[in-house]
Structure formats: C-alpha cells, structure tokens
>>> print(open('input_39.pdb').read())   # PDB, C-alpha atoms, pLDDT in the B column
ATOM      1  CA  GLU G   1     106.384 -57.251 -82.785  1.00 71.00           C
ATOM      2  CA  ASP G   2     105.477 -58.014 -86.408  1.00 68.00           C
ATOM      3  CA  TYR G   3     104.490 -61.548 -87.429  1.00 74.00           C
ATOM      4  CA  GLY G   4     103.780 -61.184 -91.152  1.00 69.00           C
ATOM      5  CA  GLY G   5     100.299 -59.688 -91.041  1.00 73.00           C
ATOM      6  CA  LEU G   6      99.899 -60.074 -87.289  1.00 79.00           C
ATOM      7  CA  THR G   7     101.288 -57.634 -84.739  1.00 82.00           C
ATOM      8  CA  LEU G   8     101.803 -58.094 -81.012  1.00 84.00           C
ATOM      9  CA  LEU G   9     100.751 -54.867 -79.292  1.00 86.00           C
ATOM     10  CA  LYS G  10     100.938 -53.498 -75.791  1.00 87.00           C
ATOM     11  CA  CYS G  11      97.816 -51.395 -75.129  1.00 85.00           C
ATOM     12  CA  TYR G  12      97.067 -49.056 -72.270  1.00 84.00           C
ATOM     13  CA  PRO G  13      93.298 -48.509 -71.927  1.00 81.00           C
ATOM     14  CA  LYS G  14      92.218 -45.155 -70.520  1.00 77.00           C
ATOM     15  CA  THR G  15      89.059 -46.440 -68.839  1.00 77.00           C
ATOM     16  CA  GLY G  16      87.629 -49.762 -67.806  1.00 73.00           C
ATOM     17  CA  ARG G  17      84.914 -49.647 -70.460  1.00 78.00           C
ATOM     18  CA  LYS G  18      83.717 -53.034 -71.645  1.00 75.00           C
ATOM     19  CA  HIS G  19      85.400 -54.187 -74.892  1.00 83.00           C
ATOM     20  CA  GLN G  20      87.348 -50.891 -75.194  1.00 85.00           C
ATOM     21  CA  ILE G  21      90.521 -52.421 -76.684  1.00 87.00           C
ATOM     22  CA  ARG G  22      88.619 -54.857 -78.911  1.00 87.00           C
ATOM     23  CA  ARG G  23      86.329 -52.185 -80.380  1.00 88.00           C
ATOM     24  CA  HIS G  24      89.076 -49.626 -80.952  1.00 87.00           C
ATOM     25  CA  LEU G  25      91.415 -52.064 -82.692  1.00 88.00           C
ATOM     26  CA  ALA G  26      88.623 -53.518 -84.869  1.00 88.00           C
ATOM     27  CA  ARG G  27      87.485 -50.019 -85.871  1.00 88.00           C
ATOM     28  CA  HIS G  28      91.021 -49.339 -87.145  1.00 86.00           C
ATOM     29  CA  GLN G  29      91.076 -52.628 -89.109  1.00 83.00           C
ATOM     30  CA  HIS G  30      93.378 -54.381 -86.601  1.00 84.00           C
ATOM     31  CA  PRO G  31      91.085 -56.826 -84.772  1.00 85.00           C
ATOM     32  CA  ILE G  32      92.429 -59.202 -82.151  1.00 86.00           C
ATOM     33  CA  VAL G  33      93.132 -62.778 -83.257  1.00 84.00           C
ATOM     34  CA  GLY G  34      90.250 -64.992 -82.156  1.00 83.00           C
ATOM     35  CA  ASP G  35      87.762 -62.136 -81.692  1.00 84.00           C
ATOM     36  CA  LYS G  36      84.559 -63.468 -83.213  1.00 81.00           C
ATOM     37  CA  ASN G  37      82.433 -60.516 -82.021  1.00 84.00           C
ATOM     38  CA  HIS G  38      84.544 -57.507 -82.958  1.00 83.00           C
ATOM     39  CA  GLY G  39      86.925 -59.135 -85.402  1.00 74.00           C
ATOM     40  CA  TYR G  40      87.076 -60.116 -89.033  1.00 71.00           C
ATOM     41  CA  SER G  41      84.024 -61.362 -90.911  1.00 68.00           C
ATOM     42  CA  ARG G  42      86.418 -64.047 -92.224  1.00 68.00           C
ATOM     43  CA  PRO G  43      89.345 -64.486 -89.825  1.00 65.00           C
ATOM     44  CA  PRO G  44      92.793 -64.964 -91.387  1.00 68.00           C
ATOM     45  CA  GLU G  45      94.535 -68.322 -91.146  1.00 74.00           C
ATOM     46  CA  VAL G  46      96.816 -68.140 -88.123  1.00 78.00           C
ATOM     47  CA  PRO G  47      99.401 -70.942 -87.790  1.00 79.00           C
ATOM     48  CA  GLY G  48      98.942 -72.806 -84.511  1.00 80.00           C
ATOM     49  CA  ASP G  49      95.866 -70.751 -83.562  1.00 80.00           C
ATOM     50  CA  PRO G  50      95.390 -71.248 -79.794  1.00 82.00           C
ATOM     51  CA  GLY G  51      91.605 -71.402 -80.252  1.00 82.00           C
ATOM     52  CA  ARG G  52      90.869 -68.465 -77.991  1.00 86.00           C
ATOM     53  CA  LEU G  53      90.891 -64.702 -77.949  1.00 86.00           C
ATOM     54  CA  TRP G  54      94.519 -63.507 -78.079  1.00 87.00           C
ATOM     55  CA  LEU G  55      94.002 -60.903 -75.358  1.00 88.00           C
ATOM     56  CA  HIS G  56      95.781 -60.854 -72.011  1.00 89.00           C
ATOM     57  CA  ALA G  57      96.006 -58.375 -69.138  1.00 88.00           C
ATOM     58  CA  LEU G  58      99.614 -58.440 -67.984  1.00 90.00           C
ATOM     59  CA  SER G  59      98.780 -56.152 -65.099  1.00 91.00           C
ATOM     60  CA  LEU G  60      95.790 -54.424 -63.602  1.00 88.00           C
ATOM     61  CA  THR G  61      95.835 -51.494 -61.196  1.00 88.00           C
ATOM     62  CA  LEU G  62      92.730 -50.211 -59.451  1.00 88.00           C
ATOM     63  CA  PRO G  63      92.197 -46.534 -58.546  1.00 88.00           C
ATOM     64  CA  ASP G  64      92.904 -47.361 -54.880  1.00 95.00           C
ATOM     65  CA  GLY G  65      96.403 -48.574 -55.853  1.00 94.00           C
ATOM     66  CA  ARG G  66      95.875 -52.326 -55.547  1.00 96.00           C
ATOM     67  CA  SER G  67      97.435 -54.150 -58.462  1.00 96.00           C
ATOM     68  CA  TRP G  68      97.816 -57.627 -59.945  1.00 95.00           C
ATOM     69  CA  HIS G  69     100.304 -59.093 -62.395  1.00 95.00           C
ATOM     70  CA  ALA G  70      99.832 -62.259 -64.449  1.00 95.00           C
ATOM     71  CA  PRO G  71     102.237 -64.008 -66.802  1.00 94.00           C
ATOM     72  CA  LEU G  72     101.073 -64.801 -70.311  1.00 92.00           C
ATOM     73  CA  ALA G  73      98.831 -67.887 -70.335  1.00 90.00           C
ATOM     74  CA  THR G  74     100.604 -71.115 -71.298  1.00 91.00           C
ATOM     75  CA  GLU G  75      98.675 -71.584 -74.571  1.00 90.00           C
ATOM     76  CA  LEU G  76      99.551 -68.019 -75.618  1.00 90.00           C
ATOM     77  CA  GLN G  77     103.230 -68.523 -74.680  1.00 91.00           C
ATOM     78  CA  VAL G  78     103.301 -71.648 -76.858  1.00 90.00           C
ATOM     79  CA  HIS G  79     101.591 -69.832 -79.739  1.00 88.00           C
ATOM     80  CA  LYS G  80     103.942 -66.828 -79.468  1.00 88.00           C
ATOM     81  CA  ALA G  81     106.979 -69.161 -79.545  1.00 90.00           C
ATOM     82  CA  LEU G  82     105.597 -70.783 -82.716  1.00 88.00           C
ATOM     83  CA  LEU G  83     105.047 -67.390 -84.354  1.00 85.00           C
ATOM     84  CA  ASP G  84     108.574 -66.333 -83.309  1.00 86.00           C
ATOM     85  CA  ARG G  85     110.030 -69.410 -85.037  1.00 86.00           C
ATOM     86  CA  LEU G  86     107.941 -68.858 -88.181  1.00 83.00           C
ATOM     87  CA  ALA G  87     108.677 -65.121 -88.369  1.00 76.00           C
ATOM     88  CA  TRP G  88     112.390 -65.252 -87.609  1.00 60.00           C
ATOM     89  CA  GLY G  89     113.170 -68.711 -89.032  1.00 58.00           C
TER      90      GLY G  89
END
>>> encode(input="input_39.pdb", output="structure tokens")
Amino acid sequence: EDYGGLTLLKCYPKTGRKHQIRRHLARHQHPIVGDKNHGYSRPPEVPGDPGRLWLHALSLTLPDGRSWHAPLATELQVHKALLDRLAWG
C-alpha cells in the first residue's frame, strides 16, 4: 500500500539472520519507519509517528512446523488507520 512516500510491504525473509529485512530495505533506499540504526540519516516527517520501529511479524513458523500468529500491535493499527485517512481522504 502506498502512503505518499511511505509504502506498507509484506516481506518474506529467507533465513532468520539478524536484521535481514532492515538491512536489505535500507540498502535499497527503503528503510523502515523508526529504524534509527539502519534507516535514514534524517528520518522523514511521518504524521502520527508511533514512536517505534514500524516492523511486525504477522506470523512465524519454525523448521519443525510450530507456528505463531500475532495481530498488528495496537499503536501500529492506530497509525495505519491515520495514514489510510490521510492517503485516501
């Protein structure tokens, strides 16, 4: 989903390497909102910034087949709703 300079992505990491998604997106000039380590040197102004890294694991599956699912955190749901209203008026 496009939010005027911000994009909501669904990523599927290939390994469990530390910071894999953050490093790959930053290297391609698409850092994650709130990422102070792998992000912008000067972060863009984001309306209603939730004050945290905008990264969430919707589901996680281990090699043995066990899996977990988690809804989007409340503060990210609120922020996404705000961006939806701003983007789509």
>>> closest_residue(input="input_39.pdb", among="G:Gln29, G:Ala73, G:Glu45, G:Asn37", to="G:Ala57", atoms="all atoms listed in the file")
G:Ala73
>>> residues_near_point(input="input_39.pdb", point="(89.1, -48.6, -61.6)", cutoff="7 Å", atoms="all atoms listed in the file", output="list in words")
Gly16, Leu62 and Pro63 of chain G
>>> resolve_selection(input="input_39.pdb", expression="the PyMOL selection byres ((chain G and resi 38) around 8)", output="ChimeraX atom specification")
/G:22-23,26,31,35-37,39-40
>>> closest_residue(input="input_39.pdb", among="G:Leu58, G:Leu53, G:Cys11, G:Leu25", to="G:Leu72", atoms="all atoms listed in the file")
G:Leu58
>>> resolve_selection(input="input_39.pdb", expression="the PyMOL selection byres ((chain G and resi 77-83) around 8)", output="ChimeraX atom specification")
/G:3,47-50,72-76,84-87
>>> write_last_selection(input="input_39.pdb", atoms="C-alpha atoms", output="compact mmCIF listing (two decimals), keeping the file's coordinate frame")
# COMPACT_ATOMS: atom_id res chain seq x y z
CA TYR G 3 104.49 -61.55 -87.43
CA PRO G 47 99.40 -70.94 -87.79
CA GLY G 48 98.94 -72.81 -84.51
CA ASP G 49 95.87 -70.75 -83.56
CA PRO G 50 95.39 -71.25 -79.79
CA LEU G 72 101.07 -64.80 -70.31
CA ALA G 73 98.83 -67.89 -70.33
CA THR G 74 100.60 -71.11 -71.30
CA GLU G 75 98.68 -71.58 -74.57
CA LEU G 76 99.55 -68.02 -75.62
CA ASP G 84 108.57 -66.33 -83.31
CA ARG G 85 110.03 -69.41 -85.04
CA LEU G 86 107.94 -68.86 -88.18
CA ALA G 87 108.68 -65.12 -88.37
>>> atom_distance(input="input_39.pdb", atom1="atom CA of G:Leu9", atom2="atom CA of G:His69")
17.4 Å
>>> atom_distance(input="input_39.pdb", atom1="atom CA of G:Ala70", atom2="atom CA of G:Gly5")
26.7 Å
>>> atom_distance(input="input_39.pdb", atom1="atom CA of G:Leu55", atom2="atom CA of G:Ile32")
7.2 Å
>>> axis_aligned_box(input="input_39.pdb", around="stretch 19-37 of chain G", padding_each_side="5 Å", output="AutoDock Vina command-line options")
--center_x 87.9 --center_y -57.2 --center_z -82.0 --size_x 20.9 --size_y 25.7 --size_z 24.2
>>> decode(input="input_39.pdb", residues="stretch 39-71 of chain G", atoms="C-alpha atoms", output="PDB file, in the first residue's frame")
ATOM      1  CA  GLY G  39      17.401   3.892   8.433  1.00  0.00           C
ATOM      2  CA  TYR G  40      17.685   7.439   7.209  1.00  0.00           C
ATOM      3  CA  SER G  41      20.376   9.797   8.472  1.00  0.00           C
ATOM      4  CA  ARG G  42      17.495  12.307   8.738  1.00  0.00           C
ATOM      5  CA  PRO G  43      14.172  10.468   9.043  1.00  0.00           C
ATOM      6  CA  PRO G  44      11.224  11.910   7.098  1.00  0.00           C
ATOM      7  CA  GLU G  45       8.343  13.536   8.949  1.00  0.00           C
ATOM      8  CA  VAL G  46       5.699  10.854   9.397  1.00  0.00           C
ATOM      9  CA  PRO G  47       2.247  12.062  10.522  1.00  0.00           C
ATOM     10  CA  GLY G  48       1.251  10.412  13.797  1.00  0.00           C
ATOM     11  CA  ASP G  49       4.588   8.580  14.100  1.00  0.00           C
ATOM     12  CA  PRO G  50       4.014   5.759  16.627  1.00  0.00           C
ATOM     13  CA  GLY G  51       7.468   6.354  18.137  1.00  0.00           C
ATOM     14  CA  ARG G  52       8.742   2.862  17.459  1.00  0.00           C
ATOM     15  CA  LEU G  53      10.124   0.715  14.696  1.00  0.00           C
ATOM     16  CA  TRP G  54       7.330   0.027  12.180  1.00  0.00           C
ATOM     17  CA  LEU G  55       8.182  -3.667  11.893  1.00  0.00           C
ATOM     18  CA  HIS G  56       5.871  -6.523  12.824  1.00  0.00           C
ATOM     19  CA  ALA G  57       5.974 -10.298  12.388  1.00  0.00           C
ATOM     20  CA  LEU G  58       2.448 -11.341  11.477  1.00  0.00           C
ATOM     21  CA  SER G  59       3.431 -14.981  11.644  1.00  0.00           C
ATOM     22  CA  LEU G  60       6.450 -17.086  12.437  1.00  0.00           C
ATOM     23  CA  THR G  61       6.986 -20.722  11.503  1.00  0.00           C
ATOM     24  CA  LEU G  62       9.888 -22.778  12.802  1.00  0.00           C
ATOM     25  CA  PRO G  63      11.550 -25.572  10.788  1.00  0.00           C
ATOM     26  CA  ASP G  64       9.808 -28.163  12.994  1.00  0.00           C
ATOM     27  CA  GLY G  65       6.411 -26.798  11.875  1.00  0.00           C
ATOM     28  CA  ARG G  66       5.414 -24.928  15.029  1.00  0.00           C
ATOM     29  CA  SER G  67       3.955 -21.547  14.190  1.00  0.00           C
ATOM     30  CA  TRP G  68       2.630 -18.383  15.823  1.00  0.00           C
ATOM     31  CA  HIS G  69       0.369 -15.620  14.560  1.00  0.00           C
ATOM     32  CA  ALA G  70       0.054 -12.128  16.035  1.00  0.00           C
ATOM     33  CA  PRO G  71      -2.260  -9.284  15.067  1.00  0.00           C
TER      34      PRO G  71
END
